[in-house]
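This is query.pdb. It holds PDB, C-alpha atoms and all ligand atoms.
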```
ATOM      1  CA  MET A   1      14.487 -28.350 -17.689
ATOM      2  CA  THR A   2      16.605 -30.492 -20.029
ATOM      3  CA  CYS A   3      18.787 -30.023 -23.089
ATOM      4  CA  ASP A   4      16.352 -30.494 -25.953
ATOM      5  CA  PRO A   5      18.817 -32.191 -28.336
ATOM      6  CA  CYS A   6      20.231 -34.709 -25.816
ATOM      7  CA  ASN A   7      17.913 -34.691 -22.797
ATOM      8  CA  ARG A   8      20.558 -33.937 -20.164
ATOM      9  CA  SER A   9      19.201 -31.798 -17.357
ATOM     10  CA  THR A  10      21.429 -28.753 -17.467
ATOM     11  CA  GLY A  11      19.344 -25.867 -18.688
ATOM     12  CA  TYR A  12      17.714 -25.672 -22.080
ATOM     13  CA  LEU A  13      21.065 -26.668 -23.620
ATOM     14  CA  CYS A  14      23.794 -28.800 -22.047
ATOM     15  CA  THR A  15      27.372 -27.521 -21.991
ATOM     16  CA  TRP A  16      28.232 -29.521 -25.087
ATOM     17  CA  HIS A  17      25.270 -28.399 -27.169
ATOM     18  CA  ARG A  18      25.776 -24.837 -26.032
ATOM     19  CA  ALA A  19      29.404 -24.965 -27.172
ATOM     20  CA  LYS A  20      28.323 -26.384 -30.531
ATOM     21  CA  LEU A  21      25.730 -23.643 -31.015
ATOM     22  CA  ASP A  22      28.268 -20.994 -29.979
ATOM     23  CA  ALA A  23      30.842 -22.249 -32.506
ATOM     24  CA  ARG A  24      28.279 -22.569 -35.296
ATOM     25  CA  LEU A  25      26.920 -19.063 -34.789
ATOM     26  CA  ARG A  26      30.462 -17.691 -34.953
ATOM     27  CA  ALA A  27      31.277 -19.657 -38.119
ATOM     28  CA  LEU A  28      28.027 -19.073 -39.998
ATOM     29  CA  PRO A  29      28.682 -15.632 -41.576
ATOM     30  CA  ALA A  30      32.039 -16.656 -43.079
ATOM     31  CA  LEU A  31      30.560 -19.958 -44.194
ATOM     32  CA  TYR A  32      27.697 -18.257 -46.022
ATOM     33  CA  ALA A  33      30.055 -15.730 -47.581
ATOM     34  CA  GLU A  34      31.893 -18.768 -48.936
ATOM     35  CA  VAL A  35      28.620 -20.228 -50.235
ATOM     36  CA  GLY A  36      28.169 -16.990 -52.168
ATOM     37  CA  GLU A  37      31.580 -17.485 -53.770
ATOM     38  CA  CYS A  38      30.674 -21.008 -54.834
ATOM     39  CA  LEU A  39      27.275 -20.161 -56.255
ATOM     40  CA  VAL A  40      27.826 -16.728 -57.741
ATOM     41  CA  PRO A  41      26.142 -16.647 -61.147
ATOM     42  CA  ARG A  42      28.319 -15.765 -64.073
ATOM     43  CA  ARG A  43      28.015 -12.040 -64.728
ATOM     44  CA  THR A  44      31.013 -10.480 -66.321
ATOM     45  CA  GLY A  45      32.111  -8.472 -69.299
ATOM     46  CA  TRP A  46      34.857 -11.016 -69.765
ATOM     47  CA  GLY A  47      32.594 -13.369 -71.746
ATOM     48  CA  ASN A  48      32.170 -10.648 -74.355
ATOM     49  CA  ILE A  49      35.886 -10.193 -74.730
ATOM     50  CA  VAL A  50      36.587 -13.866 -75.255
ATOM     51  CA  ALA A  51      34.519 -14.541 -78.346
ATOM     52  CA  THR A  52      35.464 -18.237 -78.499
ATOM     53  CA  LYS A  53      33.591 -18.763 -75.266
ATOM     54  CA  ALA A  54      30.288 -19.520 -77.005
ATOM     55  CA  ALA A  55      31.824 -22.477 -78.843
ATOM     56  CA  ALA A  56      32.367 -24.269 -75.564
ATOM     57  CA  GLY A  57      28.640 -24.921 -75.285
ATOM     58  CA  PRO A  58      26.276 -24.427 -72.390
ATOM     59  CA  ARG A  59      27.522 -25.467 -68.992
ATOM     60  CA  SER A  60      26.491 -24.019 -65.714
ATOM     61  CA  PRO A  61      28.371 -24.920 -62.555
ATOM     62  CA  ILE A  62      25.419 -23.604 -60.597
ATOM     63  CA  ASN A  63      22.904 -25.971 -59.156
ATOM     64  CA  GLU A  64      19.739 -23.883 -59.245
ATOM     65  CA  ASP A  65      18.078 -25.895 -56.479
ATOM     66  CA  ILE A  66      20.946 -25.168 -54.152
ATOM     67  CA  LEU A  67      20.852 -21.530 -55.126
ATOM     68  CA  ASP A  68      17.213 -21.379 -54.027
ATOM     69  CA  THR A  69      17.641 -22.878 -50.589
ATOM     70  CA  VAL A  70      21.245 -22.375 -49.504
ATOM     71  CA  ASN A  71      22.078 -18.725 -49.629
ATOM     72  CA  TRP A  72      23.018 -15.762 -47.522
ATOM     73  CA  GLY A  73      19.558 -14.204 -47.768
ATOM     74  CA  ARG A  74      17.781 -17.218 -46.361
ATOM     75  CA  ALA A  75      20.327 -17.739 -43.582
ATOM     76  CA  ALA A  76      20.032 -14.052 -42.681
ATOM     77  CA  GLU A  77      16.232 -14.260 -42.611
ATOM     78  CA  ILE A  78      16.243 -17.271 -40.305
ATOM     79  CA  LEU A  79      18.775 -15.822 -37.859
ATOM     80  CA  ARG A  80      16.902 -12.522 -37.855
ATOM     81  CA  SER A  81      13.675 -14.224 -36.799
ATOM     82  CA  TRP A  82      15.482 -16.000 -33.953
ATOM     83  CA  ARG A  83      17.003 -12.765 -32.763
ATOM     84  CA  GLU A  84      13.591 -11.084 -32.867
ATOM     85  CA  ASP A  85      12.020 -13.901 -30.911
ATOM     86  CA  VAL A  86      14.676 -13.948 -28.179
ATOM     87  CA  ARG A  87      14.512 -10.189 -27.894
ATOM     88  CA  ARG A  88      10.725 -10.150 -27.697
ATOM     89  CA  LEU A  89      10.727 -12.613 -24.807
ATOM     90  CA  ARG A  90      13.629 -11.069 -22.970
ATOM     91  CA  TRP A  91      12.759  -7.397 -23.402
ATOM     92  CA  PRO A  92       9.077  -7.233 -24.333
ATOM     93  CA  HIS A  93       8.972  -3.450 -24.057
ATOM     94  CA  ARG A  94      11.977  -2.522 -26.149
ATOM     95  CA  GLY A  95      10.186  -2.479 -29.490
ATOM     96  CA  GLU A  96      11.708  -3.115 -32.877
ATOM     97  CA  THR A  97      14.889  -5.148 -33.267
ATOM     98  CA  PRO A  98      17.651  -2.831 -34.521
ATOM     99  CA  PRO A  99      18.641  -3.335 -38.163
ATOM    100  CA  GLY A 100      21.569  -5.645 -38.818
ATOM    101  CA  GLY A 101      22.695  -8.433 -41.094
ATOM    102  CA  LEU A 102      23.585 -12.072 -40.614
ATOM    103  CA  ALA A 103      26.904 -11.290 -38.918
ATOM    104  CA  GLU A 104      25.357  -8.912 -36.370
ATOM    105  CA  ASP A 105      22.491 -11.266 -35.606
ATOM    106  CA  CYS A 106      24.861 -14.205 -35.061
ATOM    107  CA  ARG A 107      27.067 -12.084 -32.807
ATOM    108  CA  TRP A 108      24.061 -10.888 -30.838
ATOM    109  CA  LEU A 109      22.801 -14.431 -30.283
ATOM    110  CA  VAL A 110      26.262 -15.508 -29.094
ATOM    111  CA  GLN A 111      26.190 -12.691 -26.527
ATOM    112  CA  GLU A 112      22.764 -13.846 -25.327
ATOM    113  CA  LEU A 113      23.698 -17.524 -24.918
ATOM    114  CA  ASP A 114      23.651 -17.358 -21.101
ATOM    115  CA  TRP A 115      20.079 -16.180 -21.153
ATOM    116  CA  ILE A 116      19.095 -18.546 -23.972
ATOM    117  CA  VAL A 117      20.399 -21.590 -22.073
ATOM    118  CA  ALA A 118      18.786 -20.516 -18.807
ATOM    119  CA  GLN A 119      15.489 -19.025 -19.959
ATOM    120  CA  TYR A 120      14.633 -19.822 -23.565
ATOM    121  CA  PRO A 121      12.486 -22.942 -24.034
ATOM    122  CA  ALA A 122      13.004 -22.874 -27.823
ATOM    123  CA  ALA A 123      16.803 -23.111 -27.396
ATOM    124  CA  GLY A 124      16.788 -26.682 -28.757
ATOM    125  CA  ASP A 125      14.972 -25.597 -31.910
ATOM    126  CA  LEU A 126      17.396 -22.729 -32.367
ATOM    127  CA  ALA A 127      20.349 -25.120 -31.999
ATOM    128  CA  ARG A 128      18.864 -27.549 -34.501
ATOM    129  CA  GLU A 129      18.090 -24.893 -37.076
ATOM    130  CA  VAL A 130      21.581 -23.402 -36.830
ATOM    131  CA  ARG A 131      23.030 -26.906 -37.172
ATOM    132  CA  ASP A 132      20.966 -27.488 -40.328
ATOM    133  CA  LEU A 133      22.022 -24.148 -41.798
ATOM    134  CA  GLU A 134      25.641 -25.041 -41.173
ATOM    135  CA  ALA A 135      25.249 -28.516 -42.695
ATOM    136  CA  ALA A 136      23.577 -27.085 -45.810
ATOM    137  CA  ALA A 137      26.403 -24.586 -46.272
ATOM    138  CA  ARG A 138      29.080 -27.225 -45.721
ATOM    139  CA  ALA A 139      27.454 -29.428 -48.344
ATOM    140  CA  VAL A 140      28.185 -26.633 -50.819
ATOM    141  CA  VAL A 141      31.608 -25.401 -49.747
ATOM    142  CA  GLY A 142      33.107 -28.605 -48.324
ATOM    143  CA  ASP A 143      34.059 -29.613 -44.812
ATOM    144  CA  PRO A 144      36.479 -28.414 -43.743
ATOM    145  CA  VAL A 145      36.409 -25.437 -46.087
ATOM    146  CA  PRO A 146      39.465 -25.999 -48.317
ATOM    147  CA  GLN A 147      42.246 -23.445 -48.151
ATOM    148  CA  ARG A 148      42.498 -20.857 -50.888
ATOM    149  CA  LYS A 149      45.769 -20.146 -52.664
ATOM    150  CA  VAL A 150      46.566 -16.917 -54.459
ATOM    151  CA  VAL A 151      47.231 -17.749 -58.110
ATOM    152  CA  GLY A 152      47.620 -14.266 -59.561
ATOM    153  CA  GLN A 153      46.056 -10.865 -60.040
ATOM    154  CA  CYS A 154      42.757 -10.041 -61.698
ATOM    155  CA  ILE A 155      43.356  -8.655 -65.188
ATOM    156  CA  ALA A 156      39.820  -7.389 -65.832
ATOM    157  CA  LEU A 157      39.345  -3.760 -66.804
ATOM    158  CA  THR A 158      37.178  -1.939 -64.307
ATOM    159  CA  ASP A 159      36.478   1.259 -66.274
ATOM    160  CA  ASP A 160      36.800   2.874 -69.702
ATOM    161  CA  GLN A 161      40.201   4.350 -68.856
ATOM    162  CA  GLY A 162      41.882   0.961 -68.885
ATOM    163  CA  THR A 163      42.239   0.610 -65.122
ATOM    164  CA  VAL A 164      43.088  -3.000 -64.288
ATOM    165  CA  CYS A 165      41.338  -4.512 -61.282
ATOM    166  CA  GLY A 166      44.530  -6.104 -59.893
ATOM    167  CA  ALA A 167      42.885  -7.854 -56.948
ATOM    168  CA  ALA A 168      44.315 -11.199 -55.841
ATOM    169  CA  ILE A 169      42.680 -14.186 -57.539
ATOM    170  CA  THR A 170      42.444 -17.210 -55.307
ATOM    171  CA  HIS A 171      41.889 -20.866 -56.089
ATOM    172  CA  ARG A 172      40.771 -23.751 -53.976
ATOM    173  CA  ALA A 173      41.345 -27.441 -54.703
ATOM    174  CA  GLY A 174      38.565 -28.747 -56.925
ATOM    175  CA  GLU A 175      37.455 -25.403 -58.343
ATOM    176  CA  THR A 176      37.234 -25.142 -62.106
ATOM    177  CA  ARG A 177      36.428 -21.453 -62.218
ATOM    178  CA  LEU A 178      38.139 -18.505 -60.611
ATOM    179  CA  VAL A 179      36.098 -15.576 -59.369
ATOM    180  CA  CYS A 180      37.580 -12.192 -58.553
ATOM    181  CA  ARG A 181      36.246 -11.195 -55.158
ATOM    182  CA  ALA A 182      36.707  -7.523 -55.952
ATOM    183  CA  CYS A 183      35.079  -7.087 -59.386
ATOM    184  CA  ARG A 184      33.273 -10.458 -59.694
ATOM    185  CA  CYS A 185      34.992 -11.216 -62.983
ATOM    186  CA  VAL A 186      34.891 -14.966 -63.676
ATOM    187  CA  TYR A 187      37.721 -16.905 -65.319
ATOM    188  CA  GLU A 188      36.622 -20.258 -66.559
ATOM    189  CA  GLY A 189      37.833 -22.673 -69.218
ATOM    190  CA  GLN A 190      41.278 -23.128 -70.676
ATOM    191  CA  THR A 191      41.284 -20.009 -72.861
ATOM    192  CA  GLU A 192      40.376 -17.624 -70.081
ATOM    193  CA  LEU A 193      42.776 -19.210 -67.618
ATOM    194  CA  LEU A 194      45.622 -19.017 -70.147
ATOM    195  CA  LEU A 195      44.839 -15.362 -70.792
ATOM    196  CA  LEU A 196      44.818 -14.719 -67.054
ATOM    197  CA  LEU A 197      48.282 -16.266 -66.747
ATOM    198  CA  HIS A 198      49.546 -14.526 -69.869
ATOM    199  CA  TYR A 199      48.616 -11.044 -68.675
ATOM    200  CA  GLN A 200      50.007 -11.400 -65.175
ATOM    201  CA  PRO A 201      52.245  -8.445 -64.313
ATOM    202  CA  VAL A 202      55.930  -9.278 -64.492
ATOM    203  CA  PRO A 203      57.227  -9.568 -60.919
ATOM    204  CA  ALA A 204      59.726  -6.880 -59.943
ATOM    205  CA  ALA A 205      63.268  -8.286 -60.198
TER     206      ALA A 205
HETATM  207 ZN    ZN B   1      22.826 -31.528 -25.011
HETATM  208 ZN    ZN B   2      38.848  -8.222 -60.457
END
```

Mind turning the file's structure into structure tokens?
Ligand SMILES: [Zn+2]
Ligand SMILES: [Zn+2]
Amino acid sequence: MTCDPCNRSTGYLCTWHRAKLDARLRALPALYAEVGECLVPRRTGWGNIVATKAAAGPRSPINEDILDTVNWGRAAEILRSWREDVRRLRWPHRGETPPGGLAEDCRWLVQELDWIVAQYPAAGDLAREVRDLEAAARAVVGDPVPQRKVVGQCIALTDDQGTVCGAAITHRAGETRLVCRACRCVYEGQTELLLLLHYQPVPAA
């Protein structure tokens, strides 16, 4: 029995490759949440408010190919199938895998790493696939993931009564568009960014 990625004879994964898999499984949900932030399609009422927007011409920051292959849904599907497979081998009589998303499935696999290393012949394939998922996500969000800085509050209206969203708007080096994580409003281009700054609440003296 050897580590599939490196051929050392210490279970189906050596200590090093086990540690890598462990760390990647823990990082994956946050990483794919970040991918969602980078690839979120523009859908906002803001574009209607700023009529000059159309004059700027078509430009999409979204690479449609990336959107197809690197996304939360696909990562979740892949991790789900690994969880189902491990569970089927380990507890053949327990029936259906309980419902859960990417985060739960990653957590579950981390908890099962002892068994996976000792008993799961496909451990090397699992490690490789998780590595590839991580690499694909990092190609989108950067490595390391750059720090976000709060640049202000969201000024989008969230209902007909004039309620302002007010969530913190964050920016990361290199980003040319700001996305509110609460209401998904997108601020992009000089006009929108100036309006965002202009309507910031005056800080309490
Ligand atoms: Zn190894
Ligand atoms: Zn907002």

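Evaluating the PyMOL selection byres (((chain A and resi 171) around 8) and not hetatm) against the shown model yields A:Arg148, A:Lys149, A:Val150, A:Val151, A:Ile169, A:Thr170, A:Arg172, A:Ala173, A:Glu175, A:Leu178.
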
Check which residues satisfy the PyMOL selection byres (((not hetatm)) within 7 of (chain B and resi 1)) in the file shown, then give them as a PyMOL selection string.
chain A and resi 3-8+13-17

Would you list the residues that come within 6 Å of ligand ZN 2 (chain B)? Count all atoms listed in the file and give the answer as a list in words.
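Checking all atoms listed in the file against ligand ZN 2 (chain B) at 6 Å gives Cys154, Ala156, Cys165, Ala167, Cys180, Ala182, Cys183 and Cys185 of chain A.
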
Given the point (45.3, -6.9, -56.9) in the file's coordinates, find the residues that have an atom at most 6 Å from it, counting only C-alpha atoms, and give them as a PyMOL selection string.
chain A and resi 153+166-168

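Every residue within 10 Å of the file position (29.5, -24.9, -46.6), judged by only C-alpha atoms, is given as Leu28, Ala30, Leu31, Tyr32, Ala33, Glu34, Val35, Gly36, Cys38, Val70, Leu133, Glu134, Ala135, Ala136, Ala137, Arg138, Ala139, Val140, Val141, Gly142, Asp143, Pro144 and Val145 of chain A.
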
Can you measure atom CA of A:Trp91 to atom CA of A:Gln119 for me? One decimal in Å is fine.
12.4 Å

Where's the centre, and what are the edge lengths in Å to one decimal, of a box along x, y and z enclosing all listed atoms of stretch 161-173 of chain A padded 5 Å per side, as JSON?
```
{"center_x": 42.4, "center_y": -11.5, "center_z": -61.4, "size_x": 14.3, "size_y": 41.8, "size_z": 24.9}
```

Could you pull the residues within 6 Å of stretch 102-117 of chain A, counting all atoms listed in the file, minus those fewer than 4 positions along the same chain, as a ChimeraX atom specification?
/A:11-13,22,25,29,76

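Minimum atom-to-atom distance to A:Arg74, evaluated using all atoms listed in the file, belongs to A:Val130 out of A:Arg184, A:Val130, A:Ala27, A:Pro121.
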